[in-house]
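Colleague: One structure follows; several queries about it will come next.
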Amino acid sequence: MTFTTTTQNLVGPTGADLIQAAGDAVKDLAFRTDARLDVHDVTLAVSQVPPLTVVESLQAESLFSGFTPPWAFDTVLVDTQNGADLSADPRRIALTRTGYWMLGGYAEASTIAGSVTTAFKLFVNINNPSSGLQFENVSTSQVDGGHGLSGSCSCIARVDNAAQAWSTMTGFWTGVTNSNYTGYGPVTKRRMWAYWLGDL
Amino acid sequence: MRYTPSQQVPYPATRREAANAPLASELLARKVDTKLTDLNTAWTAEVNGPTTILNLASNITGIPQNSDWPIFMDTILKTVNQTGGGQTIAANSDGWYHCFVTVSLSCEGTITASTKRELHVDIQGSDDPFNPNLVTERYTCRDYERNGTSNLHVEFVTRLLTTTSVTAYVNHLNAGSSVRVDTANTRISWTKICGDV
């Protein structure tokens with residue numbers, strides 16, 4: 001008659017067991033211990049090299065005076081989670097594991113025609129199947145366009161379904177300039193990151 | 001005696017080897033002890049950093065126009081498993097880091113026109129022996145203030161090396177006046193995400 005531990009589901013012989021039963025009991029304990037240690041090893045390995053993707057682009061892309069589609073990226077700086085497939089979709093990082101994620105980005109436009117007097121807004125979005133596309137965070141940097149625009153932000157996102165989760169990044173300014181400039185300017189450097197923080 | 005395929009935990013081979021159960025139990029206990037100790041050591045290192053948070057205890061005053069003034073922090077608020085970085089960002093091991101730099105700037109004197117304020121963080125260091133101080137990356141935040149206090153914030157994820165230096169600078173175009181970095185809301189921190197992969 002073996003007993004089972006309450007938290008790790010391990011078994012062992014009891015004092016009332018026959019000696020003939022002890023061999024099987026120890027074998028069972030050994031295999032259950034093996035399985036539990038495997039789980040801890042995997043968890044620790046994920047923690048030491050967490051799912052992490054960083055993508056970047058130095059190619060100019062339009063920054064409009066209103067909301068724009070997500071920006072494209074062309075360089076994968078690091079990717080431990082197979083989250084970046086830029087040939088398939090250069091605009092997103094797939095979030096391939098359920099849990100909590102740190103999502104963020106940095107972007108700058110070297111100069112914007114006219115003198116921009118309204119805030120530059122940087123968005124990092126996460127696709128969330130339960131509620132559609134959501135804006136998770138915004139960073140603002142109110143500047144003179146002649147001096148350039150830049151911004152950075154991070155947010156913590158919850159991913160319930162790793163098969164349908166990804167992050168994107170974009171930005172805009174609201175388009176009011178003192179020279180009546182309402183066109184667009186180029187976003188030059190931009191970098192987006194996503195790394196896994198932990199389980200749900 | 002046999003061993004499980006993954007973790008090499010010992011167990012009696014057959015029921016006929018039940019007599020070996022005491023020895024197997026002893027070996028199993030020793031194996032679990034060793035393994036749990038290893039796991040505990042690894043977890044302790046993992047949950048305790050590496051992280052460093054720098055604070056500013058005294059205002060930095062009198063920063064002149066167009067000076068590209070380096071911001072050296074004066075207090076280590078917290079540092080765990082990280083030996084570098086008394087004044088600015090310094091990685092003590094190669095890898096990927098998430099860095100945060102926030103500074104609070106105030107005007108000293110009266111400013112009558114809107115002027116630019118800027119925080120930029122430079123990452124310096126290259127493999128080129130003739131240009132070791134090359135700025136390899138720069139992250140910038142600018143503000144357009146008249147005469148008040150504003151916070152500038154930059155954050156980024158990047159690969160840092162023990163040989164690279166990361167320094168935050170502030171700049172402004174307030175002609176004939178100066179700005180100061182206030183202790184409130186001024187902080188630099190960096191956290192290692194993982195080593196080189």
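Here's how to read the names in the structure tokens: chain A, B, ... by the order shown, residue numbers from 1 in each chain, ligand numbers from 1 in the order shown.
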Would you pick out the contacts of B:Ile63 at 8 Å or less, using only C-alpha atoms, so that residues sharing its chain but fewer than 2 positions from it are not included, and give the list as a PyMOL selection string?
Modeller: chain B and resi 60-61+65+67+69+178-180
Colleague: Please identify every residue of chain A that has at least one atom no more than 7 Å from any atom of chain B, counting only C-alpha atoms, and report them as a tab-separated table (two decimals) with all heavy atoms, in the first residue's frame.
Modeller:
```tsv
chain	number	residue	atom	x	y	z
A	19	ILE	N	8.15	-6.29	2.31
A	19	ILE	CA	9.42	-5.96	1.67
A	19	ILE	C	9.38	-6.28	0.19
A	19	ILE	O	10.02	-5.62	-0.63
A	19	ILE	CB	10.58	-6.69	2.37
A	19	ILE	CG1	11.92	-6.18	1.82
A	19	ILE	CG2	10.46	-8.22	2.20
A	19	ILE	CD1	12.18	-4.73	2.12
A	20	GLN	N	8.57	-7.30	-0.21
A	20	GLN	CA	8.49	-7.66	-1.62
A	20	GLN	C	7.89	-6.54	-2.46
A	20	GLN	O	8.14	-6.46	-3.66
A	20	GLN	CB	7.66	-8.94	-1.80
A	20	GLN	CG	8.31	-10.20	-1.29
A	20	GLN	CD	8.05	-10.42	0.21
A	20	GLN	OE1	7.64	-9.50	0.93
A	20	GLN	NE2	8.33	-11.64	0.67
A	21	ALA	N	7.09	-5.68	-1.85
A	21	ALA	CA	6.45	-4.61	-2.60
A	21	ALA	C	7.31	-3.36	-2.69
A	21	ALA	O	7.03	-2.44	-3.47
A	21	ALA	CB	5.10	-4.26	-1.96
A	22	ALA	N	8.35	-3.33	-1.90
A	22	ALA	CA	9.15	-2.10	-1.84
A	22	ALA	C	9.85	-1.80	-3.15
A	22	ALA	O	10.01	-0.64	-3.53
A	22	ALA	CB	10.16	-2.21	-0.70
A	23	GLY	N	10.26	-2.84	-3.87
A	23	GLY	CA	10.96	-2.62	-5.14
A	23	GLY	C	10.10	-1.85	-6.12
A	23	GLY	O	10.52	-0.85	-6.71
A	24	ASP	N	8.89	-2.31	-6.32
A	24	ASP	CA	7.99	-1.62	-7.24
A	24	ASP	C	7.70	-0.19	-6.78
A	24	ASP	O	7.61	0.74	-7.57
A	24	ASP	CB	6.68	-2.39	-7.37
A	24	ASP	CG	6.88	-3.64	-8.23
A	24	ASP	OD1	7.90	-3.69	-8.94
A	24	ASP	OD2	6.02	-4.55	-8.17
A	26	VAL	N	9.58	1.79	-5.00
A	26	VAL	CA	10.73	2.67	-5.23
A	26	VAL	C	10.88	2.98	-6.72
A	26	VAL	O	11.21	4.10	-7.13
A	26	VAL	CB	12.01	2.03	-4.67
A	26	VAL	CG1	13.23	2.85	-5.07
A	26	VAL	CG2	11.92	1.92	-3.16
A	27	LYS	N	10.60	1.97	-7.55
A	27	LYS	CA	10.67	2.21	-9.00
A	27	LYS	C	9.65	3.27	-9.41
A	27	LYS	O	9.96	4.18	-10.17
A	27	LYS	CB	10.40	0.92	-9.75
A	27	LYS	CG	10.42	1.10	-11.26
A	27	LYS	CD	10.14	-0.23	-11.97
A	27	LYS	CE	10.12	-0.02	-13.48
A	27	LYS	NZ	9.81	-1.28	-14.19
A	30	ALA	N	10.83	6.57	-8.36
A	30	ALA	CA	11.94	7.05	-9.20
A	30	ALA	C	11.41	7.68	-10.49
A	30	ALA	O	11.86	8.75	-10.91
A	30	ALA	CB	12.88	5.89	-9.51
A	31	PHE	N	10.44	7.03	-11.12
A	31	PHE	CA	9.93	7.57	-12.39
A	31	PHE	C	9.11	8.84	-12.19
A	31	PHE	O	9.16	9.76	-13.01
A	31	PHE	CB	9.12	6.49	-13.12
A	31	PHE	CG	9.98	5.59	-13.96
A	31	PHE	CD1	10.62	4.49	-13.40
A	31	PHE	CD2	10.21	5.89	-15.30
A	31	PHE	CE1	11.44	3.68	-14.17
A	31	PHE	CE2	11.03	5.08	-16.07
A	31	PHE	CZ	11.65	3.96	-15.51
A	34	ASP	N	11.57	11.49	-11.64
A	34	ASP	CA	12.17	11.81	-12.94
A	34	ASP	C	11.29	12.80	-13.70
A	34	ASP	O	11.76	13.82	-14.23
A	34	ASP	CB	12.33	10.51	-13.73
A	34	ASP	CG	13.00	10.71	-15.06
A	34	ASP	OD1	12.29	11.02	-16.03
A	34	ASP	OD2	14.24	10.58	-15.14
A	48	GLN	N	15.76	30.96	-18.19
A	48	GLN	CA	17.11	31.45	-18.46
A	48	GLN	C	17.27	31.96	-19.89
A	48	GLN	O	18.04	32.87	-20.13
A	48	GLN	CB	18.12	30.34	-18.19
A	48	GLN	CG	18.26	30.03	-16.69
A	48	GLN	CD	19.11	28.80	-16.43
A	48	GLN	OE1	19.13	27.87	-17.23
A	48	GLN	NE2	19.81	28.79	-15.31
A	49	VAL	N	16.57	31.37	-20.82
A	49	VAL	CA	16.52	31.89	-22.19
A	49	VAL	C	15.05	32.07	-22.52
A	49	VAL	O	14.42	31.22	-23.15
A	49	VAL	CB	17.19	30.94	-23.20
A	49	VAL	CG1	17.19	31.56	-24.58
A	49	VAL	CG2	18.61	30.62	-22.76
A	50	PRO	N	14.47	33.18	-22.09
A	50	PRO	CA	13.04	33.35	-22.26
A	50	PRO	C	12.68	33.58	-23.73
A	50	PRO	O	13.53	33.99	-24.52
A	50	PRO	CB	12.74	34.59	-21.43
A	50	PRO	CG	14.01	35.37	-21.48
A	50	PRO	CD	15.11	34.34	-21.49
A	106	TYR	N	10.57	51.42	-29.91
A	106	TYR	CA	11.21	52.74	-29.99
A	106	TYR	C	11.16	53.17	-31.45
A	106	TYR	O	11.36	52.34	-32.35
A	106	TYR	CB	12.67	52.65	-29.53
A	106	TYR	CG	13.46	53.91	-29.80
A	106	TYR	CD1	13.47	54.95	-28.87
A	106	TYR	CD2	14.17	54.08	-30.98
A	106	TYR	CE1	14.18	56.11	-29.11
A	106	TYR	CE2	14.88	55.24	-31.23
A	106	TYR	CZ	14.89	56.25	-30.29
A	106	TYR	OH	15.58	57.41	-30.53
A	141	SER	N	5.57	62.21	-27.17
A	141	SER	CA	6.76	63.04	-27.11
A	141	SER	C	6.44	64.31	-27.90
A	141	SER	O	6.38	64.29	-29.11
A	141	SER	CB	7.95	62.32	-27.73
A	141	SER	OG	9.09	63.14	-27.72
A	142	GLN	N	6.19	65.37	-27.20
A	142	GLN	CA	5.80	66.61	-27.87
A	142	GLN	C	7.05	67.38	-28.26
A	142	GLN	O	7.85	67.75	-27.41
A	142	GLN	CB	4.94	67.46	-26.94
A	142	GLN	CG	4.43	68.73	-27.61
A	142	GLN	CD	3.49	69.49	-26.72
A	142	GLN	OE1	2.87	68.93	-25.83
A	142	GLN	NE2	3.38	70.79	-26.96
A	143	VAL	N	7.19	67.62	-29.54
A	143	VAL	CA	8.45	68.17	-30.02
A	143	VAL	C	8.21	69.14	-31.16
A	143	VAL	O	7.11	69.24	-31.70
A	143	VAL	CB	9.39	67.06	-30.53
A	143	VAL	CG1	9.75	66.09	-29.43
A	143	VAL	CG2	8.76	66.34	-31.68
A	144	ASP	N	9.25	69.78	-31.53
A	144	ASP	CA	9.26	70.57	-32.74
A	144	ASP	C	9.69	69.64	-33.88
A	144	ASP	O	10.72	68.99	-33.79
A	144	ASP	CB	10.27	71.71	-32.60
A	144	ASP	CG	10.26	72.63	-33.80
A	144	ASP	OD1	9.94	72.16	-34.91
A	144	ASP	OD2	10.57	73.81	-33.63
A	150	SER	N	10.49	61.43	-31.67
A	150	SER	CA	10.91	60.13	-31.18
A	150	SER	C	10.04	59.73	-30.01
A	150	SER	O	9.40	60.56	-29.38
A	150	SER	CB	12.39	60.14	-30.76
A	150	SER	OG	12.56	61.01	-29.66
A	151	GLY	N	10.03	58.46	-29.73
A	151	GLY	CA	9.26	57.98	-28.59
A	151	GLY	C	9.58	56.53	-28.31
A	151	GLY	O	10.09	55.81	-29.16
A	152	SER	N	9.31	56.12	-27.09
A	152	SER	CA	9.50	54.73	-26.71
A	152	SER	C	8.49	54.38	-25.64
A	152	SER	O	8.06	55.23	-24.87
A	152	SER	CB	10.92	54.48	-26.19
A	152	SER	OG	11.22	55.34	-25.11
A	153	CYS	N	8.11	53.12	-25.61
A	153	CYS	CA	7.14	52.70	-24.60
A	153	CYS	C	7.19	51.18	-24.46
A	153	CYS	O	7.71	50.48	-25.32
A	153	CYS	CB	5.72	53.14	-24.95
A	153	CYS	SG	5.03	52.36	-26.41
A	193	TRP	N	10.14	45.11	-29.60
A	193	TRP	CA	10.57	43.94	-28.82
A	193	TRP	C	9.39	43.27	-28.15
A	193	TRP	O	8.35	43.90	-27.91
A	193	TRP	CB	11.61	44.34	-27.77
A	193	TRP	CG	11.21	45.45	-26.85
A	193	TRP	CD1	10.44	45.36	-25.73
A	193	TRP	CD2	11.59	46.83	-26.97
A	193	TRP	NE1	10.31	46.60	-25.15
A	193	TRP	CE2	11.00	47.52	-25.88
A	193	TRP	CE3	12.36	47.56	-27.88
A	193	TRP	CZ2	11.17	48.89	-25.69
A	193	TRP	CZ3	12.52	48.92	-27.68
A	193	TRP	CH2	11.93	49.57	-26.60
```
Colleague: Between atom CA of B:Thr41 and atom CA of A:Asp79, what distance in Å does the model show, to one decimal?
Modeller: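 Going from atom CA of B:Thr41 over to atom CA of A:Asp79, I get 27.0 Å.
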Colleague: Mind pulling up the distance from atom CA of A:Trp166 to atom CA of A:Glu61?
Modeller: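 The value is 20.9 Å.
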Colleague: Using the chain letters and numbers from this document, which residues of stretch 96-165 of chain B does DSSP assign to strand (DSSP E or B), as a ChimeraX atom specification?
Modeller: /B:96-108,115-124,135-145,149-160,165
Colleague: For the selection you just gave me, I'd like the residues written to a file as a compact mmCIF listing (two decimals), in the first residue's frame, keeping C-alpha atoms.
Modeller:
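And here's selection-v6.txt as it stands now:
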```txt
# COMPACT_ATOMS: atom_id res chain seq x y z
CA TRP B 96 20.16 41.30 -23.94
CA TYR B 97 19.01 44.04 -21.61
CA HIS B 98 15.93 46.21 -21.13
CA CYS B 99 17.07 49.69 -20.12
CA PHE B 100 14.98 52.56 -18.75
CA VAL B 101 16.15 56.14 -18.44
CA THR B 102 13.90 58.90 -17.10
CA VAL B 103 15.10 62.39 -16.23
CA SER B 104 13.23 65.34 -14.82
CA LEU B 105 14.39 68.71 -16.14
CA SER B 106 13.61 72.18 -14.83
CA CYS B 107 14.61 75.62 -16.04
CA GLU B 108 16.94 77.74 -13.97
CA THR B 115 13.13 75.67 -26.78
CA LYS B 116 14.12 72.10 -27.28
CA ARG B 117 15.08 69.77 -24.50
CA GLU B 118 16.66 66.47 -25.26
CA LEU B 119 17.63 63.26 -23.52
CA HIS B 120 19.71 60.84 -25.49
CA VAL B 121 21.35 57.60 -24.48
CA ASP B 122 24.51 56.61 -26.32
CA ILE B 123 25.91 53.12 -26.53
CA GLN B 124 29.62 53.29 -27.25
CA VAL B 135 28.59 55.52 -30.85
CA THR B 136 26.92 52.40 -32.15
CA GLU B 137 23.40 53.20 -31.00
CA ARG B 138 21.55 56.29 -29.86
CA TYR B 139 18.08 56.53 -28.37
CA THR B 140 16.50 59.94 -28.06
CA CYS B 141 13.58 61.70 -26.45
CA ARG B 142 12.89 65.39 -27.01
CA ASP B 143 10.55 67.84 -25.44
CA TYR B 144 9.33 71.27 -26.41
CA GLU B 145 8.95 73.23 -23.22
CA THR B 149 9.45 71.02 -15.48
CA SER B 150 9.17 68.08 -17.80
CA ASN B 151 10.11 64.44 -17.73
CA LEU B 152 11.94 62.82 -20.60
CA HIS B 153 11.91 59.06 -20.95
CA VAL B 154 13.80 56.62 -23.12
CA GLU B 155 13.67 52.86 -23.00
CA PHE B 156 15.05 50.20 -25.27
CA VAL B 157 15.94 46.55 -25.54
CA THR B 158 19.40 45.93 -26.89
CA ARG B 159 22.44 43.73 -26.66
CA LEU B 160 25.05 45.05 -24.25
CA SER B 165 29.49 51.88 -22.21
```
Colleague: If you count only C-alpha atoms, which residues fall within 7 Å of A:Leu52, apart from same-chain ones fewer than 6 positions away, as a CSV table (one decimal) with N, CA, C and O atoms, in the first residue's frame?
Modeller:
```csv
chain,number,residue,atom,x,y,z
A,79,ASP,N,15.9,36.2,-31.8
A,79,ASP,CA,14.6,35.5,-31.8
A,79,ASP,C,14.8,34.1,-31.2
A,79,ASP,O,15.2,33.2,-31.9
A,80,THR,N,14.4,34.0,-30.0
A,80,THR,CA,14.5,32.7,-29.3
A,80,THR,C,13.2,31.9,-29.4
A,80,THR,O,13.1,30.8,-28.8
A,81,GLN,N,12.2,32.5,-30.0
A,81,GLN,CA,10.8,31.8,-29.9
A,81,GLN,C,10.2,31.7,-31.2
A,81,GLN,O,9.0,31.4,-31.3
A,194,ALA,N,9.6,42.0,-27.9
A,194,ALA,CA,8.6,41.2,-27.1
A,194,ALA,C,9.3,40.1,-26.4
A,194,ALA,O,10.1,39.4,-27.0
A,195,TYR,N,9.1,40.1,-25.1
A,195,TYR,CA,9.7,39.0,-24.3
A,195,TYR,C,8.7,38.5,-23.2
A,195,TYR,O,8.0,39.3,-22.7
A,196,TRP,N,8.8,37.2,-23.0
A,196,TRP,CA,7.9,36.5,-22.1
A,196,TRP,C,8.3,36.7,-20.7
A,196,TRP,O,9.4,36.6,-20.3
```
Colleague: With only C-alpha atoms as the counted atoms, please give the residues lying no more than 10 Å from stretch 98-105 of chain A, apart from itself and same-chain residues fewer than 3 positions off, as a PyMOL selection string.
Modeller: (chain A and resi 51-56+93+95+122-126+136-139+151-163+165-170+190-200) or (chain B and resi 155-157)
